[in-house]
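A.B. asks: So here's run_26.cif, just mmCIF, C-alpha atoms:
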data_input
loop_
_atom_site.label_atom_id
_atom_site.label_comp_id
_atom_site.auth_asym_id
_atom_site.auth_seq_id
_atom_site.Cartn_x
_atom_site.Cartn_y
_atom_site.Cartn_z
CA MET A 6 0.00 0.00 0.00
CA LEU A 7 1.62 3.22 -1.15
CA VAL A 8 -0.74 5.69 0.47
CA ASP A 9 -2.11 5.43 3.96
CA ASP A 10 -5.78 6.21 3.41
CA ASP A 11 -6.96 5.94 7.00
CA VAL A 12 -7.92 9.52 7.88
CA THR A 13 -7.38 9.01 11.62
CA HIS A 14 -3.67 8.25 11.04
CA TYR A 15 -3.21 11.91 10.16
CA TRP A 16 -4.20 13.15 13.61
CA ARG A 17 -0.86 14.92 14.13
CA PHE A 18 -1.63 16.92 11.03
CA PHE A 19 -5.05 17.93 12.33
CA LEU A 20 -3.53 18.80 15.71
CA SER A 21 -0.84 21.06 14.26
CA GLY A 22 -3.46 22.65 12.01
CA THR A 23 -5.68 23.31 15.02
CA LEU A 24 -2.80 24.92 16.95
CA THR A 25 -1.90 27.07 13.93
CA THR A 26 -5.52 28.21 13.59
CA LEU A 27 -5.71 29.09 17.30
CA TRP A 28 -2.38 30.93 17.12
CA ILE A 29 -3.03 33.05 14.02
CA SER A 30 -6.53 33.99 15.22
CA TRP A 31 -5.16 34.96 18.63
CA LEU A 32 -2.43 37.05 17.02
CA ALA A 33 -4.98 38.78 14.77
CA LEU A 34 -7.29 39.36 17.74
CA MET A 35 -4.50 41.00 19.77
CA LEU A 36 -3.24 43.18 16.91
CA GLY A 37 -6.83 43.93 15.90
CA GLY A 38 -7.64 44.84 19.51
CA VAL A 39 -4.86 47.44 19.56
CA ILE A 40 -5.85 48.94 16.20
CA GLY A 41 -9.53 48.69 17.12
CA ALA A 42 -8.94 50.57 20.39
CA VAL A 43 -7.19 53.38 18.48
CA VAL A 44 -10.04 53.53 15.94
CA ALA A 45 -12.62 53.54 18.74
CA HIS A 46 -10.95 56.51 20.42
CA MET A 47 -10.87 58.31 17.08
CA ARG A 48 -14.57 57.54 16.71
CA ILE A 49 -15.46 59.30 19.99
CA SER A 50 -12.96 62.12 19.48
CA ARG A 51 -14.05 65.78 19.31
CA ALA A 52 -12.20 66.28 16.02
CA ALA A 53 -14.58 65.67 13.13
CA PRO A 54 -11.87 64.50 10.64
CA LEU A 55 -10.76 61.76 13.07
CA ARG A 56 -14.37 60.64 13.52
CA THR A 57 -14.88 60.50 9.75
CA VAL A 58 -11.73 58.44 9.23
CA ALA A 59 -12.82 56.02 11.97
CA VAL A 60 -16.31 55.60 10.47
CA LEU A 61 -14.89 55.05 6.97
CA TYR A 62 -12.42 52.50 8.36
CA THR A 63 -15.03 50.39 10.15
CA GLU A 64 -17.60 50.65 7.36
CA PHE A 65 -15.01 49.71 4.71
CA PHE A 66 -13.91 46.53 6.41
CA ARG A 67 -17.49 45.67 7.30
CA SER A 68 -18.42 45.83 3.62
CA ILE A 69 -15.59 43.76 2.10
CA PRO A 70 -15.75 39.94 2.13
CA PRO A 71 -12.87 38.38 4.11
CA LEU A 72 -11.99 36.25 1.08
CA MET A 73 -11.31 39.42 -0.95
CA LEU A 74 -9.15 40.80 1.84
CA PHE A 75 -7.04 37.64 1.79
CA PHE A 76 -6.61 37.91 -1.98
CA GLY A 77 -5.85 41.62 -1.67
CA CYS A 78 -3.32 41.17 1.13
CA TYR A 79 -1.59 38.32 -0.67
CA TYR A 80 -1.61 39.03 -4.41
CA GLY A 81 -2.54 42.72 -4.31
CA VAL A 82 0.21 43.71 -1.90
CA SER A 83 2.87 41.62 -3.65
CA TYR A 84 2.07 42.94 -7.12
CA ALA A 85 1.34 46.56 -6.21
CA LEU A 86 3.95 47.21 -3.54
CA GLY A 87 6.49 44.58 -4.52
CA TRP A 88 6.63 43.23 -0.96
CA ASN A 89 6.78 39.49 -1.01
CA LEU A 90 4.58 38.69 1.94
CA ASN A 91 4.47 35.01 2.80
CA PRO A 92 1.04 33.40 3.34
CA PHE A 93 1.41 33.75 7.12
CA SER A 94 2.01 37.52 7.01
CA SER A 95 -0.75 38.08 4.45
CA ALA A 96 -3.24 36.00 6.40
CA THR A 97 -2.34 37.78 9.65
CA LEU A 98 -2.73 41.16 7.94
CA ALA A 99 -6.12 40.28 6.45
CA LEU A 100 -7.43 38.78 9.70
CA THR A 101 -6.10 41.73 11.73
CA LEU A 102 -7.89 44.23 9.49
CA THR A 103 -11.20 42.37 9.84
CA ALA A 104 -10.78 41.86 13.58
CA SER A 105 -9.79 45.50 14.12
CA SER A 106 -13.02 46.81 12.59
CA LEU A 107 -15.05 44.47 14.83
CA MET A 108 -12.97 45.36 17.90
CA ALA A 109 -13.39 49.08 17.18
CA GLU A 110 -17.16 48.69 17.63
CA VAL A 111 -16.70 46.55 20.76
CA VAL A 112 -14.33 49.06 22.39
CA ARG A 113 -16.56 51.97 21.42
CA SER A 114 -19.59 50.37 23.05
CA GLY A 115 -17.42 49.71 26.12
CA ILE A 116 -16.35 53.34 26.40
CA GLU A 117 -19.86 54.62 25.75
CA SER A 118 -21.20 52.38 28.52
CA VAL A 119 -19.43 54.66 31.01
CA GLY A 120 -21.94 57.43 31.66
CA THR A 121 -21.11 61.06 30.91
CA GLY A 122 -21.76 61.88 34.55
CA GLN A 123 -18.61 59.98 35.48
CA TRP A 124 -16.53 61.90 32.93
CA LEU A 125 -17.83 65.17 34.33
CA ALA A 126 -17.29 64.08 37.93
CA ALA A 127 -13.74 62.92 37.21
CA THR A 128 -12.92 66.14 35.38
CA ALA A 129 -14.47 68.17 38.20
CA SER A 130 -12.18 66.34 40.65
CA GLY A 131 -9.27 67.86 38.77
CA MET A 132 -8.27 64.85 36.68
CA ARG A 133 -6.58 65.45 33.36
CA PRO A 134 -8.21 63.77 30.30
CA LEU A 135 -5.64 60.96 30.29
CA GLN A 136 -6.22 60.35 33.99
CA VAL A 137 -9.96 60.20 33.42
CA MET A 138 -9.37 57.47 30.84
CA ARG A 139 -6.73 55.63 32.89
CA TYR A 140 -8.52 55.57 36.26
CA VAL A 141 -12.23 55.91 35.46
CA VAL A 142 -13.16 54.92 31.90
CA TRP A 143 -10.81 52.13 30.84
CA PRO A 144 -11.20 49.86 33.90
CA GLN A 145 -14.99 49.94 33.50
CA ALA A 146 -14.93 49.70 29.71
CA LEU A 147 -12.74 46.58 29.89
CA ARG A 148 -15.44 44.69 31.80
CA VAL A 149 -18.00 45.55 29.16
CA CYS A 150 -15.61 44.72 26.28
CA LEU A 151 -14.42 41.27 27.35
CA PRO A 152 -17.57 39.19 26.68
CA PRO A 153 -18.13 40.55 23.13
CA ALA A 154 -14.37 40.21 22.49
CA THR A 155 -14.75 36.43 22.78
CA GLY A 156 -17.36 36.77 20.04
CA VAL A 157 -14.78 38.57 17.90
CA TYR A 158 -12.31 35.75 18.60
CA ILE A 159 -14.88 33.20 17.40
CA SER A 160 -15.56 35.24 14.29
CA THR A 161 -11.81 35.62 13.61
CA LEU A 162 -11.29 31.88 14.10
CA LYS A 163 -13.99 31.18 11.55
CA ASP A 164 -12.58 33.74 9.10
CA SER A 165 -9.14 32.17 9.47
CA SER A 166 -10.43 29.13 7.59
CA VAL A 167 -10.41 31.35 4.49
CA ALA A 168 -6.60 31.69 4.84
CA SER A 169 -6.48 28.20 3.31
CA VAL A 170 -7.14 29.70 -0.15
CA ILE A 171 -3.84 31.61 -0.14
CA GLY A 172 -1.97 28.46 0.85
CA TYR A 173 -1.51 29.06 4.55
CA ILE A 174 -1.51 25.65 6.26
CA GLU A 175 -3.97 26.02 9.11
CA LEU A 176 -6.77 23.65 10.08
CA THR A 177 -8.79 23.90 6.87
CA ARG A 178 -5.74 23.65 4.62
CA SER A 179 -4.49 20.65 6.63
CA GLY A 180 -7.86 19.03 6.02
CA LEU A 181 -7.68 19.77 2.29
CA LEU A 182 -4.20 18.23 2.15
CA VAL A 183 -5.34 15.10 4.01
CA ARG A 184 -8.28 14.93 1.63
CA GLU A 185 -5.94 15.05 -1.37
CA THR A 186 -3.78 12.30 0.13
CA THR A 187 -6.50 9.92 1.28
CA GLY A 188 -9.24 10.79 -1.18
CA SER A 189 -11.94 10.82 1.46
CA SER A 190 -13.75 14.15 1.58
CA PHE A 191 -16.68 13.49 3.85
CA ASP A 192 -14.72 12.11 6.84
CA VAL A 193 -12.11 14.84 6.63
CA PHE A 194 -14.57 17.72 6.55
CA VAL A 195 -16.67 16.21 9.33
CA ILE A 196 -13.54 15.96 11.50
CA ILE A 197 -12.60 19.56 10.68
CA ALA A 198 -16.15 20.75 11.37
CA VAL A 199 -16.17 18.96 14.75
CA ILE A 200 -12.82 20.55 15.72
CA TYR A 201 -14.06 24.05 14.81
CA PHE A 202 -17.32 23.40 16.62
CA VAL A 203 -15.63 22.24 19.84
CA ILE A 204 -13.26 25.24 19.92
CA ASN A 205 -15.89 27.84 19.08
CA TYR A 206 -18.61 26.39 21.26
CA GLY A 207 -16.14 26.25 24.16
CA LEU A 208 -15.23 29.87 23.52
CA SER A 209 -18.88 30.93 23.40
CA LEU A 210 -19.46 29.20 26.76
CA CYS A 211 -16.48 31.14 28.15
CA GLY A 212 -17.98 34.33 26.73
CA GLY A 213 -21.29 33.56 28.43
CA ALA A 214 -19.52 32.90 31.73
CA LEU A 215 -17.60 36.19 31.44
CA GLU A 216 -20.82 38.02 30.73
CA ARG A 217 -22.45 36.62 33.88
CA ARG A 218 -19.31 37.29 35.92
CA PHE A 219 -19.02 40.90 34.79
CA ARG A 220 -22.70 41.76 34.73
CA ILE A 221 -23.13 45.20 36.19
CA VAL A 222 -26.06 45.26 38.57
CA HIS A 223 -27.88 48.54 38.62
CA MET B 6 7.93 50.37 -10.15
CA TYR B 7 4.25 49.51 -10.18
CA GLN B 8 2.10 51.75 -12.37
CA PHE B 9 -1.48 52.02 -11.21
CA ASN B 10 -3.60 51.53 -14.29
CA LEU B 11 -7.34 51.10 -14.02
CA VAL B 12 -7.72 51.13 -17.83
CA ALA B 13 -5.87 47.80 -17.97
CA THR B 14 -8.98 46.08 -16.59
CA THR B 15 -11.33 47.42 -19.30
CA SER B 16 -11.05 44.29 -21.43
CA TYR B 17 -12.56 42.34 -18.53
CA MET B 18 -15.38 44.80 -17.91
CA SER B 19 -17.79 42.90 -20.15
CA LEU B 20 -17.64 40.03 -17.63
CA LEU B 21 -18.41 42.20 -14.62
CA PRO B 22 -22.20 42.74 -15.02
CA GLY B 23 -22.81 38.99 -15.17
CA ALA B 24 -20.62 38.49 -12.13
CA VAL B 25 -22.47 41.21 -10.20
CA LEU B 26 -25.83 39.70 -11.15
CA SER B 27 -24.60 36.32 -9.99
CA THR B 28 -23.58 37.76 -6.60
CA ILE B 29 -26.93 39.56 -6.25
CA TRP B 30 -28.95 36.50 -7.30
CA LEU B 31 -27.07 34.19 -4.92
CA SER B 32 -27.48 36.71 -2.08
CA LEU B 33 -31.20 37.27 -2.73
CA LEU B 34 -31.87 33.52 -2.83
CA GLY B 35 -29.76 33.12 0.31
CA ILE B 36 -31.69 35.86 2.14
CA GLY B 37 -35.09 34.49 1.08
CA LEU B 38 -34.33 30.86 1.90
CA SER B 39 -32.57 31.61 5.19
CA LEU B 40 -35.58 33.72 6.20
CA ILE B 41 -37.79 30.65 5.72
CA VAL B 42 -35.31 28.47 7.63
CA GLY B 43 -35.07 31.17 10.31
CA VAL B 44 -38.83 31.37 10.83
CA ALA B 45 -39.05 27.57 11.03
CA GLY B 46 -36.06 27.47 13.38
CA ALA B 47 -37.47 30.19 15.63
CA LEU B 48 -40.83 28.41 15.82
CA CYS B 49 -38.94 25.23 16.78
CA ARG B 50 -36.91 27.02 19.44
CA THR B 51 -39.98 28.61 21.01
CA SER B 52 -42.11 25.47 20.64
CA THR B 53 -43.71 23.74 23.62
CA SER B 54 -42.34 20.32 22.63
CA TRP B 55 -38.83 19.74 23.91
CA PRO B 56 -37.54 17.60 20.99
CA LEU B 57 -38.26 20.50 18.64
CA ARG B 58 -36.56 22.96 21.01
CA LEU B 59 -33.53 20.66 21.24
CA LEU B 60 -33.42 20.27 17.45
CA GLY B 61 -33.57 24.04 16.97
CA GLY B 62 -30.91 24.63 19.62
CA VAL B 63 -28.51 22.05 18.19
CA TYR B 64 -28.99 23.42 14.67
CA VAL B 65 -28.22 26.99 15.75
CA GLU B 66 -25.18 26.11 17.87
CA VAL B 67 -23.64 23.75 15.30
CA LEU B 68 -24.04 26.03 12.30
CA ARG B 69 -22.99 29.18 14.15
CA ASN B 70 -19.74 27.61 15.30
CA ILE B 71 -18.55 26.10 12.02
CA PRO B 72 -16.97 28.32 9.35
CA LEU B 73 -19.12 28.82 6.24
CA LEU B 74 -16.21 27.60 4.09
CA ILE B 75 -16.28 24.21 5.84
CA VAL B 76 -20.04 23.91 5.27
CA ILE B 77 -19.52 24.69 1.58
CA TYR B 78 -16.79 22.03 1.34
CA LEU B 79 -18.99 19.51 3.17
CA VAL B 80 -21.88 20.08 0.77
CA TYR B 81 -19.72 20.27 -2.37
CA PHE B 82 -17.03 17.62 -1.75
CA GLY B 83 -18.45 15.66 1.18
CA LEU B 84 -21.86 14.94 -0.32
CA ALA B 85 -20.26 14.19 -3.70
CA GLN B 86 -18.32 11.40 -2.03
CA MET B 87 -21.60 10.07 -0.64
CA GLY B 88 -22.88 9.98 -4.22
CA LEU B 89 -24.89 13.20 -4.16
CA ARG B 90 -23.39 15.58 -6.72
CA ILE B 91 -24.47 19.19 -6.39
CA ASP B 92 -23.04 21.91 -8.63
CA GLY B 93 -21.05 24.83 -7.22
CA PHE B 94 -23.86 27.38 -7.25
CA HIS B 95 -26.35 25.16 -5.46
CA SER B 96 -23.73 23.88 -2.99
CA ALA B 97 -22.89 27.46 -2.10
CA LEU B 98 -26.58 28.35 -1.84
CA ILE B 99 -27.35 25.38 0.44
CA ALA B 100 -24.36 26.13 2.66
CA LEU B 101 -25.16 29.85 2.77
CA THR B 102 -28.80 29.10 3.66
CA LEU B 103 -27.84 26.65 6.42
CA ASN B 104 -25.30 29.10 7.86
CA ALA B 105 -27.41 32.27 7.66
CA GLY B 106 -30.53 30.34 8.71
CA ALA B 107 -28.93 29.71 12.11
CA TYR B 108 -28.31 33.43 12.64
CA MET B 109 -31.77 34.24 11.29
CA THR B 110 -33.30 31.79 13.80
CA GLU B 111 -31.69 33.72 16.65
CA VAL B 112 -32.73 37.10 15.24
CA ILE B 113 -36.37 36.06 14.84
CA ARG B 114 -36.43 34.25 18.16
CA GLY B 115 -35.18 37.44 19.80
CA GLY B 116 -38.08 39.33 18.19
CA LEU B 117 -40.68 36.74 19.22
CA ALA B 118 -39.34 36.63 22.78
CA ALA B 119 -40.16 40.30 23.23
CA ILE B 120 -43.90 39.67 22.87
CA GLY B 121 -45.57 38.57 26.07
CA SER B 122 -47.96 35.65 26.10
CA GLY B 123 -50.66 38.03 27.38
CA GLN B 124 -50.78 39.67 23.96
CA TYR B 125 -51.58 36.37 22.24
CA GLU B 126 -54.32 35.69 24.76
CA ALA B 127 -55.71 39.21 24.44
CA ALA B 128 -55.73 38.99 20.64
CA ARG B 129 -57.34 35.56 20.70
CA SER B 130 -59.98 36.78 23.11
CA GLN B 131 -60.81 39.53 20.58
CA ALA B 132 -61.82 36.64 18.28
CA MET B 133 -58.81 37.10 16.00
CA THR B 134 -57.83 34.06 13.96
CA PRO B 135 -54.24 32.80 14.49
CA VAL B 136 -53.28 34.33 11.12
CA GLN B 137 -54.75 37.68 12.18
CA VAL B 138 -52.91 37.50 15.49
CA TYR B 139 -49.61 37.15 13.65
CA ARG B 140 -50.53 39.67 10.92
CA TYR B 141 -51.83 42.52 13.10
CA VAL B 142 -50.33 41.95 16.55
CA VAL B 143 -47.13 39.92 16.38
CA PHE B 144 -45.56 40.85 13.04
CA PRO B 145 -45.64 44.67 13.38
CA GLN B 146 -43.91 44.46 16.76
CA VAL B 147 -41.42 41.77 15.77
CA PHE B 148 -40.49 43.72 12.64
CA ARG B 149 -39.55 46.79 14.68
CA ILE B 150 -37.17 44.68 16.76
CA ILE B 151 -35.57 42.58 14.06
CA TYR B 152 -35.15 44.94 11.11
CA ALA B 153 -31.72 46.18 12.30
CA PRO B 154 -30.08 42.78 12.96
CA PHE B 155 -31.83 41.50 9.82
CA GLY B 156 -30.08 44.21 7.78
CA ASN B 157 -26.71 43.25 9.25
CA LEU B 158 -27.42 39.63 8.47
CA CYS B 159 -28.24 40.51 4.84
CA ILE B 160 -24.84 42.24 4.58
CA GLY B 161 -23.28 39.09 6.06
CA ILE B 162 -24.99 36.98 3.39
CA VAL B 163 -23.69 39.21 0.58
CA LEU B 164 -20.17 38.96 2.00
CA GLY B 165 -20.55 35.21 2.56
CA SER B 166 -21.58 34.71 -1.08
CA ALA B 167 -17.97 35.61 -2.01
CA LEU B 168 -16.94 32.15 -0.80
CA ALA B 169 -18.98 30.64 -3.65
CA SER B 170 -16.05 31.57 -5.90
CA ILE B 171 -14.05 28.77 -4.26
CA VAL B 172 -16.38 26.12 -5.67
CA GLY B 173 -16.31 27.68 -9.11
CA VAL B 174 -19.28 30.07 -9.14
CA GLU B 175 -18.64 33.02 -11.47
CA GLU B 176 -19.35 35.97 -9.20
CA VAL B 177 -17.61 39.20 -8.23
CA THR B 178 -14.75 37.66 -6.24
CA SER B 179 -13.99 35.11 -8.95
CA TRP B 180 -14.09 37.96 -11.49
CA MET B 181 -11.45 39.71 -9.40
CA HIS B 182 -9.36 36.56 -9.31
CA THR B 183 -9.71 36.07 -13.07
CA VAL B 184 -8.62 39.63 -13.83
CA GLY B 185 -5.79 39.46 -11.30
CA SER B 186 -4.36 36.14 -12.38
CA SER B 187 -4.52 36.87 -16.11
CA SER B 188 -3.44 40.54 -16.19
CA PHE B 189 -1.59 40.80 -12.85
CA ARG B 190 -3.73 43.87 -12.14
CA TYR B 191 -4.72 42.57 -8.72
CA LEU B 192 -4.89 45.95 -7.02
CA GLU B 193 -7.14 47.48 -9.70
CA ALA B 194 -9.35 44.40 -9.75
CA PHE B 195 -9.49 44.47 -5.95
CA LEU B 196 -10.63 48.09 -5.98
CA MET B 197 -13.32 47.47 -8.61
CA ALA B 198 -14.69 44.36 -6.89
CA GLY B 199 -14.39 46.09 -3.52
CA ALA B 200 -16.46 48.97 -4.88
CA VAL B 201 -19.19 46.53 -5.93
CA TYR B 202 -19.35 44.99 -2.44
CA LEU B 203 -19.23 48.44 -0.82
CA VAL B 204 -22.20 49.60 -2.90
CA LEU B 205 -24.19 46.43 -2.13
CA ALA B 206 -23.39 46.42 1.60
CA GLN B 207 -23.87 50.15 2.13
CA GLY B 208 -27.05 50.02 0.02
CA ILE B 209 -28.48 47.49 2.48
CA ASN B 210 -27.18 49.63 5.34
CA LEU B 211 -28.97 52.72 4.00
CA LEU B 212 -32.18 50.73 3.53
CA ARG B 213 -31.88 49.63 7.15
CA ILE B 214 -31.35 53.18 8.39
CA GLY B 215 -34.22 54.40 6.19
CA THR B 216 -36.49 51.72 7.63
CA GLY B 217 -35.54 52.87 11.12
CA ARG B 218 -36.44 56.49 10.29
CA TRP B 219 -39.73 55.42 8.72
CA LEU B 220 -40.63 53.29 11.75
CA LEU B 221 -39.80 56.18 14.08
CA SER B 222 -42.07 58.59 12.23
CA HIS B 223 -44.84 55.98 12.06
CA SER B 224 -44.54 54.67 15.57
CA PRO B 225 -47.83 54.38 17.48
CA SER B 226 -46.48 56.73 20.15
CA ALA B 227 -45.25 59.38 17.68
CA GLY B 228 -48.47 61.44 17.76
CA ARG B 229 -48.64 61.49 21.53
CA GLN B 230 -45.19 62.89 22.19
#
So that I can check it, write out the structure of this file as structure tokens.
C.D. replies:
Amino acid sequence: MLVDDDVTHYWRFFLSGTLTTLWISWLALMLGGVIGAVVAHMRISRAAPLRTVAVLYTEFFRSIPPLMLFFGCYYGVSYALGWNLNPFSSATLALTLTASSLMAEVVRSGIESVGTGQWLAATASGMRPLQVMRYVVWPQALRVCLPPATGVYISTLKDSSVASVIGYIELTRSGLLVRETTGSSFDVFVIIAVIYFVINYGLSLCGGALERRFRIVH
Amino acid sequence: MYQFNLVATTSYMSLLPGAVLSTIWLSLLGIGLSLIVGVAGALCRTSTSWPLRLLGGVYVEVLRNIPLLIVIYLVYFGLAQMGLRIDGFHSALIALTLNAGAYMTEVIRGGLAAIGSGQYEAARSQAMTPVQVYRYVVFPQVFRIIYAPFGNLCIGIVLGSALASIVGVEEVTSWMHTVGSSSFRYLEAFLMAGAVYLVLAQGINLLRIGTGRWLLSHSPSAGRQ
């Protein structure tokens, strides 16, 4: 027998694919969280041009399919700018852009959940704007942001499956490779689907637990 | 040095209208079918029989936690291995419907949950038929709650339809890939295709905002304020 066509014998492959998927999504979530926080602060800024840029940013990435972003970040960047991004960098860039636009909305809702009365009170106590953010707004906003941020992680994890089309070997691509080797499509995709389900369902349970833990009782 | 040249894509422009129509048609079918699935799913989830509730719950959780791409592959490649061959367009449509149907179920369930059981009883006691109860009492209230998430979901379906290009459907994303891979004008093709998606998504967004304004000016409490 030249080819081992028992799908379960490729479990190491599925495992490394799963870890890669978790890693790249986490990386994109963290980078996207930083960019998203900047965009969110631009969105609530007093300067109209900053607000406009922030709205255009979030609306743009909300209106472009992730698949197109992956193509754009892989082929578009390499042809237009001459940078030879490898699939990992392109996939991280595309996922970060998508995640950042989602995180911008999450962070904004977190900041807006802190009532204006608290801003006024903090300012009246002689705090400088940065101190108001550091000691009053951010600690409270974080509690509101964490549960929906797990939702963004789930969404980023699901989008990361699209990275398979630019040749990045994550869970979906691993599955496609096993499928090409063993020739069994159904088993492979069911295994992949179960892995995604277990991870994402677990994450959504964590999100629910966080939400209950951080619920603000009025 | 790369020279930006939008004119280089003109020879492919004749293919674009068909691609746009394909994206719109797939999205419209996806929205319509997932709405049907969503209503059925929401009725299951709010049903009094527990097997139906369990079925609805499992459906929603499974489909919401699996990437759309995997569902497309399962329908296209997986079912083909089982002997059921479905072409790319219909595979994508089935997968899109299953995926969006799960989200639609939750949206509609959220709308139905906001209506207290007292309203059904009150409407029934006014001798309304079940159809009338839904037409005059339930639907107008549910619509006010769900139109905003429904709009977002429609945008999600349009964006999700881009994945149909992976199983060979000729739509806007595959047009972009065709132009890019044959003329190396990826950036220009990206901008053109991106513009199409922007117009479609923001068009839905404007419709959603317009609906909100209309509902506000026609709200039952508007005259009393």
A.B. asks: Could you list, as a PyMOL selection string, every residue within 8 Å of Tyr84 in chain A, counting all atoms listed in the file and ignoring same-chain residues fewer than 5 positions away?
C.D. replies: chain B and resi 7+189-192
A.B. asks: Considering all atoms listed in the file, tabulate each residue of chain B that lies at most 8 Å from chain A along with its nearest interatomic pair and the corresponding distance in Å to one decimal; arrange the rows by chain and ascending residue number and present them as a tab-separated table.
C.D. replies:
residue	atom	partner	partner_atom	distance
B:Tyr7	CA	A:Ala85	CA	5.7
B:Phe9	CA	A:Ala85	CA	7.9
B:Glu66	CA	A:Tyr206	CA	7.4
B:Val67	CA	A:Phe202	CA	6.5
B:Asn70	CA	A:Phe202	CA	5.0
B:Ile71	CA	A:Phe202	CA	5.5
B:Pro72	CA	A:Lys163	CA	4.7
B:Leu73	CA	A:Lys163	CA	7.8
B:Leu74	CA	A:Val167	CA	6.9
B:Ile75	CA	A:Ala198	CA	6.5
B:Val76	CA	A:Ala198	CA	7.9
B:Tyr78	CA	A:Phe194	CA	7.1
B:Leu79	CA	A:Phe194	CA	5.8
B:Phe82	CA	A:Ser190	CA	5.8
B:Gly83	CA	A:Phe191	CA	3.9
B:Leu84	CA	A:Phe191	CA	6.8
B:Gln86	CA	A:Ser190	CA	6.4
B:Met87	CA	A:Phe191	CA	7.5
B:Ile160	CA	A:Ser68	CA	7.4
B:Leu164	CA	A:Pro70	CA	4.5
B:Gly165	CA	A:Pro70	CA	6.8
B:Ala167	CA	A:Pro70	CA	6.4
B:Leu168	CA	A:Leu72	CA	6.7
B:Thr178	CA	A:Met73	CA	6.6
B:His182	CA	A:Phe76	CA	7.9
B:Phe189	CA	A:Tyr84	CA	7.1
B:Arg190	CA	A:Tyr84	CA	7.7
B:Tyr191	CA	A:Gly81	CA	4.9
B:Leu192	CA	A:Gly81	CA	4.8
B:Phe195	CA	A:Gly77	CA	6.3
B:Gly199	CA	A:Ile69	CA	6.2
B:Tyr202	CA	A:Ile69	CA	6.0
B:Leu203	CA	A:Ser68	CA	5.2
B:Ala206	CA	A:Ser68	CA	5.4
B:Gln207	CA	A:Ser68	CA	7.1
A.B. asks: Write out as lines of an AutoDock Vina configuration file an axis-aligned box for range 101-107 of chain B: all of its atoms listed in the file, 3 Å added on each side, centre and edge lengths in Å with one decimal.
C.D. replies:
center_x = -27.8
center_y = 29.5
center_z = 7.4
size_x = 11.4
size_y = 11.6
size_z = 15.3
A.B. asks: Which residues fall under the PyMOL selection byres ((chain B and resi 39) around 10) in this file, as an mmCIF file with C-alpha atoms, in the frame of the given file?
C.D. replies:
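Result file is out_16.cif:
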data_model
loop_
_atom_site.group_PDB
_atom_site.id
_atom_site.type_symbol
_atom_site.label_atom_id
_atom_site.label_comp_id
_atom_site.auth_asym_id
_atom_site.auth_seq_id
_atom_site.Cartn_x
_atom_site.Cartn_y
_atom_site.Cartn_z
ATOM 1 C CA LEU B 33 -31.200 37.270 -2.730
ATOM 2 C CA LEU B 34 -31.870 33.520 -2.830
ATOM 3 C CA GLY B 35 -29.760 33.120 0.310
ATOM 4 C CA ILE B 36 -31.690 35.860 2.140
ATOM 5 C CA GLY B 37 -35.090 34.490 1.080
ATOM 6 C CA LEU B 38 -34.330 30.860 1.900
ATOM 7 C CA LEU B 40 -35.580 33.720 6.200
ATOM 8 C CA ILE B 41 -37.790 30.650 5.720
ATOM 9 C CA VAL B 42 -35.310 28.470 7.630
ATOM 10 C CA GLY B 43 -35.070 31.170 10.310
ATOM 11 C CA VAL B 44 -38.830 31.370 10.830
ATOM 12 C CA ALA B 45 -39.050 27.570 11.030
ATOM 13 C CA GLY B 46 -36.060 27.470 13.380
ATOM 14 C CA LEU B 98 -26.580 28.350 -1.840
ATOM 15 C CA ILE B 99 -27.350 25.380 0.440
ATOM 16 C CA LEU B 101 -25.160 29.850 2.770
ATOM 17 C CA THR B 102 -28.800 29.100 3.660
ATOM 18 C CA LEU B 103 -27.840 26.650 6.420
ATOM 19 C CA ASN B 104 -25.300 29.100 7.860
ATOM 20 C CA ALA B 105 -27.410 32.270 7.660
ATOM 21 C CA GLY B 106 -30.530 30.340 8.710
ATOM 22 C CA ALA B 107 -28.930 29.710 12.110
ATOM 23 C CA TYR B 108 -28.310 33.430 12.640
ATOM 24 C CA MET B 109 -31.770 34.240 11.290
ATOM 25 C CA THR B 110 -33.300 31.790 13.800
ATOM 26 C CA CYS B 159 -28.240 40.510 4.840
ATOM 27 C CA ILE B 162 -24.990 36.980 3.390
#
A.B. asks: So how far away is CA of Val149 in chain A from CA of Leu215 in chain A, in Å?
C.D. replies: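 These atoms are spaced 9.6 Å apart.
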A.B. asks: For each of A:Ser21, A:Gln145, A:Ser95, A:Thr155, take the minimum atom-to-atom distance to Ser179 in chain A, counting only C-alpha atoms, then give the residue where this is smallest.
C.D. replies: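 Once distances to Ser179 in chain A are computed over only C-alpha atoms, the minimum belongs to A:Ser21.
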A.B. asks: May I ask for the distance between CA of Pro144 in chain A and CA of Met47 in chain A, given in Å to one decimal place?
C.D. replies: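 Taking CA of Pro144 in chain A and CA of Met47 in chain A, their separation equals 18.8 Å.
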A.B. asks: Please evaluate the PyMOL selection byres ((chain B and resi 114) around 10) against the structure above and give the resulting residues as number ranges by chain.
C.D. replies: B: 43-44, 46-51, 108-113, 115-119, 147, 151
A.B. asks: Please list as a PDB file with C-alpha atoms, in the coordinates of the input every residue within 8 Å of Ala198 in chain B, counting all atoms listed in the file and excluding residues in the same chain fewer than 5 positions away.
C.D. replies:
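Result file is result.pdb:
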ATOM      1  CA  VAL B 177     -17.610  39.200  -8.230  1.00  0.00           C
ATOM      2  CA  THR B 178     -14.750  37.660  -6.240  1.00  0.00           C
ATOM      3  CA  TRP B 180     -14.090  37.960 -11.490  1.00  0.00           C
ATOM      4  CA  MET B 181     -11.450  39.710  -9.400  1.00  0.00           C
TER       5      MET B 181
END
A.B. asks: Counting only C-alpha atoms, I want the residues whose atoms come within 12 Å of (-24.0, 35.7, -14.4) in the file frame, returned as a ChimeraX atom specification.
C.D. replies: /B:19-31,94,174-177,179-180
